[in-house]
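Scroll down for the structure; my scribbles are underneath it.
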Amino acid sequence: MDLGNVHSLNSSVGETQCVSPIVSENERCDGQQPLNLIITYKTNRPSVDTTKNDVKHVVLWNKKQKRCFNTIKTGLRIAKRVKKPVRFLTLTTSDLQFSNTGYDERKLNRSFRMLKDRVKRVNVSKLVQQGYITTNDIRHFYPSRNLLKCFDFEYFKVTTNEGNGVVHVLYRGEYIPYNYIVDNWMDIHNSWDVNIKLIRNHDKDLNKTSSYVVSQYVSQQDCSFVRSSQSWNWVCRGYRSVWNGFLDECHNRFFYNGVKRRFYHNHEQVDLFTLWDDYIFNKVRSRYEPQQTSFVGGGFSG
């Protein structure tokens, strides 16, 4: 399925400031804004001149980029439906860590997995005990949440070789204090440059965010993009098979114009992605619905 062409973004390549759908969030609990330390790391990506004749550049995405766009946007749409915020987390590699004997690019991904596992073991009570939040912060950051329930952390990540190696992560889950991320990333990866942004959840912003991540980090330049991956529950396990099954159903239900690469029903173009949003959400909605507990035969049954 062709997701079509997109306009390249006009933001400067090589900077870590995000476009309009990604906004700064106070990730510290002491009322101070987090320091944006990552704007100084080097990048191998060349700058793009977008000033000539004030004409926007049109970029034709390859299959890899189209798949990433669809995966990112689907995960963002699910997050909006279940009313869970998504944040954009950037983790870098310091010169000190990069110069360690025996360091290689696999270390960055191992470090991310360790950080992810730590986040998924933490809960509100532990954050209070460790001093990252106060009891007064609970009502603001974690209203109506079980204080002993561990955090969710579903993600889509892109690893690039900017500077010494950078991981860009879209994650869906609870608020994580900025200092907690910095302390743990320093402990795990001997690096301290961390940035967190909150994603707006308007439909147009979700589209812009997906385009931004793909255009900036899932590029065709071998010197920048390394790999991308996502957790099973960012969308669902076996996501590609589910998507292909959905397309097979569309071929059976609708007429497919191979020239325009569009589906039609009664001479009207089918809104494929609205159908896809409903299709995939019906498959995963039970994961987000509260479990019903009933009294059966003298005992409780979930």
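Order determines the names: the first chain of the structure tokens is A, the second B, and so forth; residues in each chain are numbered 1 upward, and ligands are numbered 1 upward as they are shown.
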
Excluding same-chain residues fewer than 5 positions from stretch 96-100 of chain A, what lies within 12 Å of it counting only C-alpha atoms, as a list in words?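 Counting only C-alpha atoms, the residues come to Glu105, Arg106, Lys107, Leu108, Ser111, Asn161, Gly163, Asn164, Gly165, Val166, Trp185, Met186, Asp187, Ile188, His189, Asn190, Ser191, Trp192 and Asp193 of chain A.
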
Could you list, as a PyMOL selection string, every residue within 12 Å of A:Trp232, counting only C-alpha atoms and ignoring same-chain residues fewer than 2 positions away? chain A and resi 71+75+153-156+229-230+234-240+284

Resulting file, chosen residues, N, CA and C atoms, as an mmCIF file, in the first residue's frame:
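Done, and the output landed in out-v7.cif:
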```cif
data_model
loop_
_atom_site.group_PDB
_atom_site.id
_atom_site.type_symbol
_atom_site.label_atom_id
_atom_site.label_comp_id
_atom_site.auth_asym_id
_atom_site.auth_seq_id
_atom_site.Cartn_x
_atom_site.Cartn_y
_atom_site.Cartn_z
ATOM 1 N N THR A 71 3.555 2.368 11.342
ATOM 2 C CA THR A 71 3.693 1.806 12.680
ATOM 3 C C THR A 71 3.649 2.895 13.744
ATOM 4 N N GLY A 75 0.474 3.492 16.515
ATOM 5 C CA GLY A 75 0.701 3.510 17.954
ATOM 6 C C GLY A 75 0.243 4.802 18.598
ATOM 7 N N PHE A 153 5.506 0.844 29.625
ATOM 8 C CA PHE A 153 6.506 1.502 28.781
ATOM 9 C C PHE A 153 6.485 0.818 27.421
ATOM 10 N N GLU A 154 5.582 1.274 26.555
ATOM 11 C CA GLU A 154 5.512 0.767 25.184
ATOM 12 C C GLU A 154 6.158 1.798 24.269
ATOM 13 N N TYR A 155 6.987 1.353 23.339
ATOM 14 C CA TYR A 155 7.827 2.311 22.633
ATOM 15 C C TYR A 155 8.030 1.951 21.164
ATOM 16 N N PHE A 156 8.397 2.975 20.405
ATOM 17 C CA PHE A 156 8.984 2.833 19.076
ATOM 18 C C PHE A 156 10.288 3.611 19.120
ATOM 19 N N SER A 229 13.004 -0.224 15.942
ATOM 20 C CA SER A 229 12.301 -1.363 16.515
ATOM 21 C C SER A 229 11.202 -0.828 17.413
ATOM 22 N N GLN A 230 10.299 -1.720 17.825
ATOM 23 C CA GLN A 230 9.230 -1.310 18.728
ATOM 24 C C GLN A 230 8.880 -2.455 19.665
ATOM 25 N N TRP A 234 3.424 -1.784 21.389
ATOM 26 C CA TRP A 234 3.291 -0.451 20.800
ATOM 27 C C TRP A 234 2.059 -0.436 19.900
ATOM 28 N N VAL A 235 1.890 -1.499 19.115
ATOM 29 C CA VAL A 235 0.631 -1.751 18.398
ATOM 30 C C VAL A 235 0.108 -3.102 18.851
ATOM 31 N N CYS A 236 0.682 -4.182 18.343
ATOM 32 C CA CYS A 236 0.318 -5.524 18.772
ATOM 33 C C CYS A 236 1.413 -6.466 18.299
ATOM 34 N N ARG A 237 1.454 -7.637 18.900
ATOM 35 C CA ARG A 237 2.429 -8.630 18.486
ATOM 36 C C ARG A 237 2.057 -9.155 17.096
ATOM 37 N N GLY A 238 3.054 -9.322 16.237
ATOM 38 C CA GLY A 238 2.785 -9.737 14.864
ATOM 39 C C GLY A 238 2.108 -8.652 14.055
ATOM 40 N N TYR A 239 2.504 -7.410 14.295
ATOM 41 C CA TYR A 239 1.850 -6.259 13.666
ATOM 42 C C TYR A 239 1.832 -6.357 12.146
ATOM 43 N N ARG A 240 2.956 -6.761 11.541
ATOM 44 C CA ARG A 240 3.024 -6.794 10.089
ATOM 45 C C ARG A 240 2.035 -7.822 9.524
ATOM 46 N N VAL A 284 -6.986 -4.787 19.947
ATOM 47 C CA VAL A 284 -6.151 -4.527 21.130
ATOM 48 C C VAL A 284 -6.929 -3.894 22.278
#
```

Between A:Ser241, A:Glu289, A:Tyr256, A:Cys68, which one has atoms that come closest to A:Gln269, using only C-alpha atoms?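 For A:Gln269, the nearest of the given residues is A:Tyr256.
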
For A:Ser231, which of A:Arg200, A:Lys260, A:Lys116, A:Lys126 is the closest residue, counting only C-alpha atoms?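 Under the stated criterion, the closest residue is A:Lys116.
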
Among listed residues A:Thr159, A:Asn201, A:Asn266, A:Asn257, nearest A:Arg87 (using only C-alpha atoms): A:Asn201

Go through A:Thr101, A:Gln216, A:Thr134, A:Asn207 one by one, measure the shortest atom-to-atom distance of each to A:Thr160 using only C-alpha atoms, and give the residue with the smallest value.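 Ranking A:Thr101, A:Gln216, A:Thr134, A:Asn207 by distance to A:Thr160, first place goes to A:Gln216.
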
Counting only C-alpha atoms, the option among A:His168, A:Tyr217, A:Thr135, A:Phe88 closest to A:Leu198: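 Closest residue, counting only C-alpha atoms: A:Phe88.
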
Could you tell me how far atom CA of A:Leu76 sits from atom CA of A:Tyr178, in Å to one decimal place?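 Distance between the two atoms: 21.8 Å.
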
So what do you get for atom CA of A:Ile133 versus atom CA of A:Asn109, distance-wise?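 One can read the atom CA of A:Ile133 to atom CA of A:Asn109 distance as 28.1 Å.
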
Mind the document's chain letters and residue numbers, and return as a VMD selection string the residues of stretch 34-271 of chain A that DSSP labels strand (DSSP E or B). chain A and resid 58 to 59 86 to 92 153 to 160 166 to 173 194 to 199 225 to 230 255 to 257 262 to 265 268 to 269

Can you write out the residues you just picked, keeping N, CA and C atoms, as a tab-separated table (two decimals), in the first residue's frame?
```tsv
chain	number	residue	atom	x	y	z
A	58	VAL	N	9.96	17.88	-2.14
A	58	VAL	CA	9.09	16.72	-2.06
A	58	VAL	C	9.96	15.47	-2.03
A	59	VAL	N	9.75	14.65	-1.03
A	59	VAL	CA	10.56	13.45	-0.85
A	59	VAL	C	9.69	12.23	-1.05
A	86	VAL	N	1.99	10.35	25.12
A	86	VAL	CA	3.19	9.84	24.47
A	86	VAL	C	4.26	10.91	24.58
A	87	ARG	N	5.46	10.49	24.88
A	87	ARG	CA	6.58	11.42	25.01
A	87	ARG	C	7.71	11.01	24.07
A	88	PHE	N	8.52	12.00	23.72
A	88	PHE	CA	9.65	11.79	22.82
A	88	PHE	C	10.92	11.90	23.65
A	89	LEU	N	11.60	10.78	23.83
A	89	LEU	CA	12.77	10.69	24.69
A	89	LEU	C	14.02	10.53	23.85
A	90	THR	N	15.04	11.33	24.11
A	90	THR	CA	16.30	11.25	23.39
A	90	THR	C	17.41	10.91	24.38
A	91	LEU	N	18.13	9.83	24.10
A	91	LEU	CA	19.22	9.35	24.95
A	91	LEU	C	20.50	9.37	24.12
A	92	THR	N	21.55	9.98	24.65
A	92	THR	CA	22.79	10.13	23.89
A	92	THR	C	23.92	9.33	24.53
A	153	PHE	N	5.51	0.84	29.62
A	153	PHE	CA	6.51	1.50	28.78
A	153	PHE	C	6.48	0.82	27.42
A	154	GLU	N	5.58	1.27	26.56
A	154	GLU	CA	5.51	0.77	25.18
A	154	GLU	C	6.16	1.80	24.27
A	155	TYR	N	6.99	1.35	23.34
A	155	TYR	CA	7.83	2.31	22.63
A	155	TYR	C	8.03	1.95	21.16
A	156	PHE	N	8.40	2.98	20.41
A	156	PHE	CA	8.98	2.83	19.08
A	156	PHE	C	10.29	3.61	19.12
A	157	LYS	N	11.40	2.96	18.77
A	157	LYS	CA	12.69	3.65	18.88
A	157	LYS	C	13.47	3.58	17.58
A	158	VAL	N	14.27	4.60	17.38
A	158	VAL	CA	15.17	4.68	16.23
A	158	VAL	C	16.57	4.94	16.76
A	159	THR	N	17.52	4.12	16.36
A	159	THR	CA	18.92	4.30	16.74
A	159	THR	C	19.68	4.91	15.57
A	160	THR	N	20.42	5.98	15.83
A	160	THR	CA	21.23	6.62	14.79
A	160	THR	C	22.66	6.73	15.29
A	166	VAL	N	22.91	7.76	19.25
A	166	VAL	CA	21.74	8.36	19.88
A	166	VAL	C	20.55	7.43	19.69
A	167	VAL	N	19.71	7.33	20.72
A	167	VAL	CA	18.45	6.60	20.63
A	167	VAL	C	17.31	7.60	20.76
A	168	HIS	N	16.42	7.63	19.77
A	168	HIS	CA	15.23	8.47	19.80
A	168	HIS	C	14.03	7.55	20.06
A	169	VAL	N	13.28	7.82	21.11
A	169	VAL	CA	12.23	6.91	21.56
A	169	VAL	C	10.91	7.65	21.70
A	170	LEU	N	9.88	7.16	21.03
A	170	LEU	CA	8.51	7.54	21.33
A	170	LEU	C	7.98	6.52	22.31
A	171	TYR	N	7.58	6.94	23.51
A	171	TYR	CA	7.08	5.96	24.47
A	171	TYR	C	5.73	6.38	25.01
A	172	ARG	N	4.87	5.38	25.19
A	172	ARG	CA	3.53	5.56	25.73
A	172	ARG	C	3.51	4.98	27.13
A	173	GLY	N	3.15	5.81	28.08
A	173	GLY	CA	3.13	5.33	29.46
A	173	GLY	C	3.04	6.46	30.44
A	194	VAL	N	20.11	13.94	28.25
A	194	VAL	CA	18.77	13.37	28.10
A	194	VAL	C	17.79	14.49	27.81
A	195	ASN	N	16.83	14.22	26.94
A	195	ASN	CA	15.82	15.22	26.63
A	195	ASN	C	14.47	14.53	26.52
A	196	ILE	N	13.43	15.15	27.08
A	196	ILE	CA	12.08	14.58	27.04
A	196	ILE	C	11.12	15.65	26.56
A	197	LYS	N	10.27	15.29	25.60
A	197	LYS	CA	9.25	16.19	25.08
A	197	LYS	C	7.90	15.49	25.14
A	198	LEU	N	6.85	16.26	25.37
A	198	LEU	CA	5.49	15.73	25.36
A	198	LEU	C	4.88	15.92	23.98
A	199	ILE	N	4.18	14.91	23.47
A	199	ILE	CA	3.56	14.96	22.16
A	199	ILE	C	2.12	15.42	22.29
A	225	PHE	N	21.00	6.70	9.92
A	225	PHE	CA	20.08	5.69	10.43
A	225	PHE	C	20.81	4.36	10.66
A	226	VAL	N	20.55	3.75	11.81
A	226	VAL	CA	21.13	2.45	12.11
A	226	VAL	C	20.04	1.38	12.10
A	227	ARG	N	19.04	1.52	12.97
A	227	ARG	CA	17.95	0.54	13.02
A	227	ARG	C	16.76	1.15	13.75
A	228	SER	N	15.60	0.52	13.58
A	228	SER	CA	14.42	0.90	14.33
A	228	SER	C	13.76	-0.37	14.85
A	229	SER	N	13.00	-0.22	15.94
A	229	SER	CA	12.30	-1.36	16.51
A	229	SER	C	11.20	-0.83	17.41
A	230	GLN	N	10.30	-1.72	17.82
A	230	GLN	CA	9.23	-1.31	18.73
A	230	GLN	C	8.88	-2.45	19.67
A	255	PHE	N	-12.93	-2.64	-4.53
A	255	PHE	CA	-12.21	-2.65	-5.81
A	255	PHE	C	-10.90	-1.90	-5.63
A	256	TYR	N	-9.82	-2.51	-6.10
A	256	TYR	CA	-8.50	-1.89	-5.97
A	256	TYR	C	-8.03	-1.38	-7.32
A	257	ASN	N	-7.74	-0.09	-7.41
A	257	ASN	CA	-7.21	0.53	-8.62
A	257	ASN	C	-5.69	0.45	-8.54
A	262	ARG	N	-5.32	2.79	-4.88
A	262	ARG	CA	-6.37	3.17	-3.94
A	262	ARG	C	-7.52	2.15	-4.02
A	263	PHE	N	-8.24	2.03	-2.91
A	263	PHE	CA	-9.42	1.17	-2.86
A	263	PHE	C	-10.68	2.02	-3.09
A	264	TYR	N	-11.68	1.41	-3.78
A	264	TYR	CA	-12.91	2.12	-4.08
A	264	TYR	C	-14.10	1.23	-3.75
A	265	HIS	N	-15.19	1.88	-3.33
A	265	HIS	CA	-16.44	1.18	-3.08
A	265	HIS	C	-17.58	2.06	-3.59
A	268	GLU	N	-16.60	5.45	-4.85
A	268	GLU	CA	-16.06	6.39	-3.88
A	268	GLU	C	-14.77	5.81	-3.28
A	269	GLN	N	-13.78	6.67	-3.11
A	269	GLN	CA	-12.53	6.19	-2.53
A	269	GLN	C	-12.75	5.79	-1.08
```

Hey, what's within 12 Å of A:Tyr288 if we count only C-alpha atoms and toss same-chain stuff fewer than 4 positions away? As an NGL selection string, please? :A and (78-79 or 81-84 or 152 or 233 or 281-284)

Now that the selection is made, can you save its residues with N, CA and C atoms as a compact mmCIF listing (two decimals), in the first residue's frame?
```txt
# COMPACT_ATOMS: atom_id res chain seq x y z
N ILE A 78 -3.61 4.77 18.79
CA ILE A 78 -4.06 3.93 19.89
C ILE A 78 -3.91 4.68 21.21
N ALA A 79 -2.79 5.35 21.38
CA ALA A 79 -2.56 6.11 22.61
C ALA A 79 -3.64 7.18 22.80
N ARG A 81 -6.74 7.07 21.66
CA ARG A 81 -8.02 6.43 21.98
C ARG A 81 -8.09 6.00 23.44
N VAL A 82 -6.99 5.53 23.98
CA VAL A 82 -7.00 5.06 25.37
C VAL A 82 -6.56 6.15 26.34
N LYS A 83 -6.37 7.37 25.80
CA LYS A 83 -6.06 8.56 26.60
C LYS A 83 -4.78 8.38 27.41
N LYS A 84 -3.75 7.88 26.74
CA LYS A 84 -2.43 7.75 27.35
C LYS A 84 -1.46 8.69 26.65
N ASP A 152 3.87 1.23 32.79
CA ASP A 152 3.88 0.75 31.40
C ASP A 152 4.96 1.50 30.64
N ASN A 233 3.70 -4.38 22.29
CA ASN A 233 2.43 -3.72 22.55
C ASN A 233 2.39 -2.26 22.13
N PHE A 281 -7.80 -1.31 16.56
CA PHE A 281 -8.20 -1.02 17.93
C PHE A 281 -9.13 -2.11 18.47
N ASN A 282 -9.97 -2.66 17.61
CA ASN A 282 -10.84 -3.75 18.06
C ASN A 282 -10.03 -4.97 18.47
N LYS A 283 -8.84 -5.13 17.92
CA LYS A 283 -7.99 -6.26 18.27
C LYS A 283 -7.24 -6.05 19.58
N VAL A 284 -6.99 -4.79 19.95
CA VAL A 284 -6.15 -4.53 21.13
C VAL A 284 -6.93 -3.89 22.28
```

Surrounding residues of A:Arg67 excluding itself and chain neighbours under 3 positions, 12 Å, only C-alpha atoms, as a list in words: Met1, Asp2, Leu3, Gly4, Trp61, Asn62, Lys63, Lys64, Asn70, Thr71, Ile72, Lys73, Thr74, Ser210, Ser211, Val214, Val218, Ser228, Ser229, Tyr239, Arg240, Trp243 and Asn244 of chain A
